[in-house]
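What follows is a short report on a single structure.
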Number of protein chains: 2
Amino acid sequence: MAKKTSSDRPRRPASKFLLAGIDIGGTKIHTVIARGNGTVLGRARKKTRPERGFDGVMERVKENLLEACEEAGVRIKELRAIGVGAPSAIRADGTAVHAPNMGWRNAPLARTLSRMLHKTICAANDCDLGTFGEYAFGAGRGSKSLVGLFPGTGLGGGIVDRGRLNRGGNRLAAELGHMVVVVDGRTCGCGRRGCLEAYASKTGMSAGLAERIATRQWKTTLKSQEDLLGLRSSVLAEAYRGGDELVRDVVDEAARYLGIGVANMITILGPDTVVLGGGVFEALGRDLIGIVRTTARDHVFPPPSFKDTRIVLSRLGDDAVALGAVAYAQSEMGLR
Amino acid sequence: MAKKTSSDRPRRPASKFLLAGIDIGGTKIHTVIARGNGTVLGRARKKTRPERGFDGVMERVKENLLEACEEAGVRIKELRAIGVGAPSAIRADGTAVHAPNMGWRNAPLARTLSRMLHKTICAANDCDLGTFGEYAFGAGRGSKSLVGLFPGTGLGGGIVDRGRLNRGGNRLAAELGHMVVVVDGRTCGCGRRGCLEAYASKTGMSAGLAERIATRQWKTTLKSQEDLLGLRSSVLAEAYRGGDELVRDVVDEAARYLGIGVANMITILGPDTVVLGGGVFEALGRDLIGIVRTTARDHVFPPPSFKDTRIVLSRLGDDAVALGAVAYAQSEMGLR
């Protein structure tokens, strides 16, 4: 077979640069120091403590970066750029528009970190970066067009097309968890009704559990109301694998809804790859991917196009957003 | 104000070439002869007569092209290329995969016309071309990213991103009428359930009328079962404007569903422009666009992104697909 020429596939980042990628989540900050080819040299992790306010979190981001640099044996000044992901829409100037989990509104994320660290900061939405990470270094390597869906507490997503994140002209789009799949359906955390997130995220599953418990008796190992509200992926996974009737019913339903979301993305965009990740799929991916694939196949139009899309599990796990931040910083800086 | 540089906006086709655009529909063939800048020099229109089979339709396409050329005072040999739209997914080699309205399966559309006319034929799905036409010459001029939605008997759509039709790697995507908006909802003509088309097209409205008539008495001017099945846009428009209670209820509902489809496209892709066209909007666009906008605004996420998208009516009307075919042929041939 002829060797592929470079024009056959999007260019991959080169390995000669050192970069940092920082994933600022609602509960933890996770930083990687990596080469431009995705080789991780060091990691660090720290609680976010959003209750300390924006400035407090920024201090912890800096501490975490220093810890990761120390582990990697790298000094901050050796880094060519730093990519940062946060659970918010992020404007082109690096402002985090609204991050409810952090309590931020119009927070000057990139500007603040740039002043503190004297480095170029490339900031973007965390799920966009998770998608970009899988495209550059993970399950989407070799892909030309990729959609990522990450069910966790909420449901984020991202779109990569021809090597570029597609977020609309205003960078606010690719909010895949908020496509409406049930007109006038279940109320979503966003206040609207019938969003995919209201069915296929952990918040959606909590609602599904509550609806079921209200209507009849179930055999279940879930012990308390707490299990329902602060539903942890590990608790779900244990109950699911243990054959818990209630949990299996609600989780399988969530997977079917996710399959319909996947089908819609194939019907609309026809990506060559869909990557599924996030807390729920880290814990239960192998159990659920069959349901997602089957449901997607049954809802894609036109039917033959289903076979042109691979539906795969994330490969980067906890590193997806941070490594996506590395790839994104590199791409934004034009480093090759 | 500084003059815009050419890099600020996608390039527009130049005017020095002569091209033809042919819209092959289920009931009529519509051909335009135009310059590369969209100036129409001649038009012709003919019944399709799909019952005469693929070869019979191809003969009629040729006759129609000759009539349009005669009206324009142009000879076929002066044309640089011919764009053709048909109600089917069309592969890269110009094969029409499946056109139920025409009775075609894997019909060699481009190859046959190329042999008959000794010209380069650039064939694509009709709604993709309608979208591209509005982008190049119509309501989407100046746009960078555009989504078209065309409710008629069915509901087709298209996506233009950075000057290029986005149809997925296999050219089968952008089937916007088949995104699922009601999981387990109304049965669609495609056999699946809950597609946007099952609510917002004329076929969907027929189903909505039948459902309503089955449940209670309505004041209506619709006279017969025929009005329900072969629902014509002009009949709908007359009844709607006459205040027909039944028709207003069902058409307003269809417009709300279309608004949710528009919202989903803004949430997913954030285009700067959404164009609404097709039979229903040719007839009732001014009456319905307010409902579409309001519903879209209420369902877009995040809410601020709504204001970055214009939602507008088609400007090209019946010429949209044929002029899109002109722009597409030019773009595929690299003519500038």
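Scheme for the structure tokens: letters A, B, ... for chains in order shown; per-chain residue numbers from 1; ligand numbers from 1 in order shown.
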Next on the checklist: DSSP on the backbone, alpha helix (DSSP H) only: what residues of region 102-319 of chain B does that give? Format it as a ChimeraX atom specification.
Outcome noted: /B:109-117,126-137,197-200,202-215,225-229,233-241,245-269,278-299
Kindly export the residues of the current selection with C-alpha atoms, as a compact mmCIF listing (two decimals), in the first residue's frame.
```
# COMPACT_ATOMS: atom_id res chain seq x y z
CA LEU B 109 -26.76 11.87 -13.11
CA ALA B 110 -23.53 13.76 -13.82
CA ARG B 111 -22.10 11.11 -16.16
CA THR B 112 -25.26 10.93 -18.28
CA LEU B 113 -25.64 14.69 -18.66
CA SER B 114 -21.93 15.10 -19.32
CA ARG B 115 -22.16 12.63 -22.22
CA MET B 116 -25.32 14.24 -23.59
CA LEU B 117 -24.12 17.84 -23.32
CA ASP B 126 -30.92 20.50 -4.21
CA CYS B 127 -31.21 21.90 -0.68
CA ASP B 128 -27.43 22.09 -0.35
CA LEU B 129 -27.46 24.13 -3.57
CA GLY B 130 -30.37 26.30 -2.40
CA THR B 131 -28.32 27.14 0.68
CA PHE B 132 -25.22 27.81 -1.43
CA GLY B 133 -27.25 30.02 -3.78
CA GLU B 134 -28.51 32.17 -0.89
CA TYR B 135 -24.94 32.38 0.39
CA ALA B 136 -23.48 33.42 -2.95
CA PHE B 137 -26.23 35.63 -4.40
CA GLU B 197 -39.56 17.09 9.08
CA ALA B 198 -42.38 15.13 10.75
CA TYR B 199 -43.55 18.42 12.34
CA ALA B 200 -42.35 21.36 10.27
CA LYS B 202 -46.15 20.09 4.69
CA THR B 203 -46.18 16.33 5.25
CA GLY B 204 -45.84 17.03 8.96
CA MET B 205 -48.62 19.61 8.82
CA SER B 206 -50.90 17.10 7.07
CA ALA B 207 -50.32 14.71 9.95
CA GLY B 208 -50.99 17.54 12.39
CA LEU B 209 -54.28 18.38 10.63
CA ALA B 210 -55.37 14.75 10.69
CA GLU B 211 -54.54 14.45 14.41
CA ARG B 212 -56.57 17.57 15.19
CA ILE B 213 -59.58 16.58 13.11
CA ALA B 214 -59.63 13.20 14.83
CA THR B 215 -59.92 14.76 18.29
CA GLN B 225 -59.41 14.91 2.55
CA GLU B 226 -57.48 15.90 -0.60
CA ASP B 227 -56.67 19.25 0.94
CA LEU B 228 -55.06 17.37 3.81
CA LEU B 229 -52.99 14.95 1.81
CA SER B 233 -48.61 25.97 0.05
CA SER B 234 -50.98 28.38 -1.73
CA VAL B 235 -54.04 26.68 -0.17
CA LEU B 236 -52.39 26.80 3.23
CA ALA B 237 -51.51 30.47 2.81
CA GLU B 238 -55.03 31.46 1.78
CA ALA B 239 -56.64 29.64 4.70
CA TYR B 240 -54.01 30.94 7.12
CA ARG B 241 -54.49 34.56 6.08
CA GLU B 245 -58.72 28.30 13.07
CA LEU B 246 -57.51 24.79 12.23
CA VAL B 247 -54.92 25.87 9.70
CA ARG B 248 -53.55 28.61 11.95
CA ASP B 249 -53.15 26.14 14.79
CA VAL B 250 -51.27 23.60 12.72
CA VAL B 251 -49.13 26.08 10.76
CA ASP B 252 -48.14 28.03 13.87
CA GLU B 253 -47.13 24.78 15.52
CA ALA B 254 -45.01 23.87 12.48
CA ALA B 255 -43.32 27.28 12.70
CA ARG B 256 -42.55 26.71 16.39
CA TYR B 257 -40.94 23.36 15.60
CA LEU B 258 -38.94 25.00 12.84
CA GLY B 259 -37.82 27.59 15.40
CA ILE B 260 -36.53 24.78 17.58
CA GLY B 261 -34.65 23.35 14.61
CA VAL B 262 -33.15 26.81 14.04
CA ALA B 263 -32.24 27.05 17.74
CA ASN B 264 -30.48 23.68 17.60
CA MET B 265 -28.43 24.78 14.60
CA ILE B 266 -27.39 27.97 16.43
CA THR B 267 -26.57 26.03 19.62
CA ILE B 268 -24.50 23.52 17.62
CA LEU B 269 -22.86 25.65 14.91
CA GLY B 278 -38.90 26.53 0.34
CA GLY B 279 -42.57 26.36 -0.62
CA VAL B 280 -44.04 27.07 2.82
CA PHE B 281 -41.86 30.12 3.41
CA GLU B 282 -42.31 31.43 -0.12
CA ALA B 283 -46.04 31.49 0.64
CA LEU B 284 -46.12 32.39 4.34
CA GLY B 285 -42.64 33.62 5.25
CA ARG B 286 -43.64 37.09 6.43
CA ASP B 287 -46.43 35.65 8.57
CA LEU B 288 -44.27 32.99 10.19
CA ILE B 289 -40.78 34.40 10.61
CA GLY B 290 -41.73 36.12 13.88
CA ILE B 291 -42.80 32.82 15.42
CA VAL B 292 -39.63 31.13 14.22
CA ARG B 293 -37.44 33.90 15.67
CA THR B 294 -39.23 33.97 19.02
CA THR B 295 -39.12 30.20 19.44
CA ALA B 296 -35.47 30.06 18.39
CA ARG B 297 -34.57 32.82 20.87
CA ASP B 298 -36.25 30.88 23.68
CA HIS B 299 -34.35 27.67 22.89
```
Next on the checklist: Show me, as a ChimeraX atom specification, the residues of chain B whose atoms get within 10 Å of chain A, using only C-alpha atoms for the distance check.
Outcome noted: /B:89,98,144-145,157-159,161,166-185,190-196,256-257,260-261,263-272,298-306,308-309
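The gap separating CA of Gln330 (chain A) from CA of Ala92 (chain A) is 15.9 Å, in Å to one decimal.
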Checklist entry - Which parts of region 133-329 of chain A does DSSP call strand (DSSP E) when run on the backbone here, written out as JSON, numbers by chain? => result {"A": [145, 146, 147, 148, 149, 150, 151, 155, 156, 157, 158, 159, 160, 161, 164, 165, 273, 274, 275, 276, 310, 311, 312, 313]}
Checklist entry - Which polymer residues have any atom within 10 Å of an atom of Val321 (chain A), counting only C-alpha atoms, with same-chain residues fewer than 3 positions away left out, as JSON, numbers by chain? => result {"A": [21, 22, 23, 24, 25, 30, 31, 32, 83, 84, 85, 86, 124, 125, 126, 127, 128, 129, 130, 131, 132, 133, 134, 316, 317, 318, 324, 325, 326, 327]}
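Ranking A:Arg105, A:Arg60, A:Arg141, A:Arg336 by their shortest atom-to-atom distance to Thr273 (chain A), with only C-alpha atoms included, puts A:Arg141 first.
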